[in-house]
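Engineer: Can you read through this structure? Questions will come right after.
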Amino acid sequence: MAAALRGLGLLQGRVRLAAAAAATSSFRRPGRRAPVRGGAAAAVPSAGKSYGSEAKEEEELRIRYLDDEHKGIVVLGLNRSHAKNALSKNLLKMMSKAVDALKSDKKVRTVIFRSEVPGIFCAGADLKERAKMHSSEVSSFVSKTRATINEMGGTQRLPRTIGVSLAKELIFSARIVDGEEAKSIGLISHVVEQNEAGDAAYRRALALAKEFLPQGPVAMRVAKLAINQGMEVDLVTGLAIEEACYAQTIPTKDRIEGLLAFKEKRPPRYKGE
């Protein structure tokens with residue numbers, strides 16, 4: 001099994017979008033640990049520290065391409081402090097443009113979303129702006145938001161994650177849960193102790209992203225496809241999807257490289273080909 005996984009490189013795609021939650025977001029009460037969502041981070045920026053190239057000067061969205069050991073990781077920082085990073089039409093437009101550009105950049109392996117505003121990740125939709133929208137604009141805005149942020153769609157995604165009964169309880173009550181409870185019900189994947197810099201969850205996300213970097217991007221792209229599509233169908237159909245996805249890796253140079261690396265007892269050097 002280990003040889004097969006190494007040969008396929010089934011651990012990382014070219015781009016992985018990692019959503020980040022704030023260390024003091026609504027998931028967390030003061031003094032509690034910061035939550036980290038599946039490959040994602042609860043994070044606020046550390047003062048005076050840089051992990052790569054300087055952020056591009058964007059008004060509401062800062063983009064950093066990390067260097068050295070973190071090369072291949074891109075950090076998208078939300079920066080609407082006056083609105084607690086609420087999603088406005090302008091911010092959504094910038095996020096959509098950034099994500100589209102990153103999708104076509106073969107050098108990008110992992111994307112981390114984080115907050116550049118201490119104490120908050122994202123307050124959700126900008127309701128002040130929403131109140132001024134004509135009813136005809138709302139549906140279009142929501143559709144664009146879903147297209148950019150693929151974790152949206154709470155009434156459909158939440159029951160699939162934590163079960164129907166508990167999803168109804170949270171949605172109907174609008175109850176706020178802290179990081180510990182969010183992890184206990186399977187809503188997030190990790191909870192970390194906060195550090196003095198206030199960026200413990202971001203550091204955890206960065207560590208996870210670093211684990212992804214050496215792995216094979218071609219196989220991960222199809223593995224991600226198999227997982228996402230397979231979760232929506234019965235097991236027999238899901239296995240057929242997996243087989244079809246696996247077939248796409250067979251003629252690739254990365255698969256041969258993975259097998260050779262295993263045979264020669266060396267780390268594989270995947271190129272995404």
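Ligands are numbered from 1 in the order shown, chains are lettered A, B, ... in the order of the structure tokens, and residues start at 1 in each chain.
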Pick out the residues sitting within 12 Å of A:Lys93, and hand them over as a ChimeraX atom specification; count only C-alpha atoms, and ignore anything fewer than 3 positions along from it in its own chain.
Structural biologist: /A:60-61,87-90,96-100,141,144-145,147-149
Engineer: Taking 6 positions as the minimum chain separation for residues in the same chain, which residues sit within 9 Å of A:Glu242 when counting only C-alpha atoms? Answer as a list of chain:residue names.
Structural biologist: A:Val222, A:Ala223, A:Leu225, A:Ala226, A:Ile227, A:Gly230
Engineer: Using the selection just defined, write its residues with all heavy atoms as an mmCIF file, in the first residue's frame.
Structural biologist:
data_model
loop_
_atom_site.group_PDB
_atom_site.id
_atom_site.type_symbol
_atom_site.label_atom_id
_atom_site.label_comp_id
_atom_site.auth_asym_id
_atom_site.auth_seq_id
_atom_site.Cartn_x
_atom_site.Cartn_y
_atom_site.Cartn_z
ATOM 1 N N VAL A 222 -6.828 14.263 -9.277
ATOM 2 C CA VAL A 222 -7.874 13.283 -9.562
ATOM 3 C C VAL A 222 -8.386 12.637 -8.280
ATOM 4 O O VAL A 222 -9.547 12.225 -8.208
ATOM 5 C CB VAL A 222 -7.384 12.218 -10.575
ATOM 6 C CG1 VAL A 222 -7.114 12.867 -11.918
ATOM 7 C CG2 VAL A 222 -6.161 11.477 -10.069
ATOM 8 N N ALA A 223 -7.530 12.529 -7.255
ATOM 9 C CA ALA A 223 -7.986 12.004 -5.972
ATOM 10 C C ALA A 223 -9.027 12.936 -5.363
ATOM 11 O O ALA A 223 -10.051 12.496 -4.826
ATOM 12 C CB ALA A 223 -6.809 11.831 -5.022
ATOM 13 N N LEU A 225 -10.942 14.938 -7.012
ATOM 14 C CA LEU A 225 -12.138 14.794 -7.839
ATOM 15 C C LEU A 225 -12.917 13.546 -7.433
ATOM 16 O O LEU A 225 -14.151 13.574 -7.300
ATOM 17 C CB LEU A 225 -11.740 14.722 -9.310
ATOM 18 C CG LEU A 225 -12.878 14.533 -10.328
ATOM 19 C CD1 LEU A 225 -13.792 15.752 -10.318
ATOM 20 C CD2 LEU A 225 -12.301 14.315 -11.723
ATOM 21 N N ALA A 226 -12.192 12.452 -7.210
ATOM 22 C CA ALA A 226 -12.839 11.202 -6.837
ATOM 23 C C ALA A 226 -13.547 11.327 -5.489
ATOM 24 O O ALA A 226 -14.657 10.828 -5.310
ATOM 25 C CB ALA A 226 -11.811 10.074 -6.797
ATOM 26 N N ILE A 227 -12.907 11.988 -4.547
ATOM 27 C CA ILE A 227 -13.508 12.159 -3.221
ATOM 28 C C ILE A 227 -14.753 13.025 -3.309
ATOM 29 O O ILE A 227 -15.826 12.674 -2.794
ATOM 30 C CB ILE A 227 -12.492 12.786 -2.256
ATOM 31 C CG1 ILE A 227 -11.348 11.814 -1.971
ATOM 32 C CG2 ILE A 227 -13.176 13.181 -0.948
ATOM 33 C CD1 ILE A 227 -10.182 12.428 -1.235
ATOM 34 N N GLY A 230 -17.415 11.238 -5.432
ATOM 35 C CA GLY A 230 -17.804 9.976 -4.817
ATOM 36 C C GLY A 230 -18.693 10.152 -3.606
ATOM 37 O O GLY A 230 -19.530 9.287 -3.311
#
Engineer: If you measure from atom CA of A:Arg204 to atom CA of A:Val192, what distance in Å do you get, rounded to one decimal?
Structural biologist: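 Computing it gives 7.7 Å between the two atoms.
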Engineer: Pick out the closest residue to A:Asp68 from this set: A:Val117, A:Leu213, A:Leu235, A:Ala244. Count only C-alpha atoms.
Structural biologist: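 Under the stated criterion, the closest residue is A:Leu213.
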Engineer: Could you tell me how far atom CA of A:Val111 lies from atom CA of A:Ser81, in Å and to one decimal?
Structural biologist: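 It comes out at 21.6 Å.
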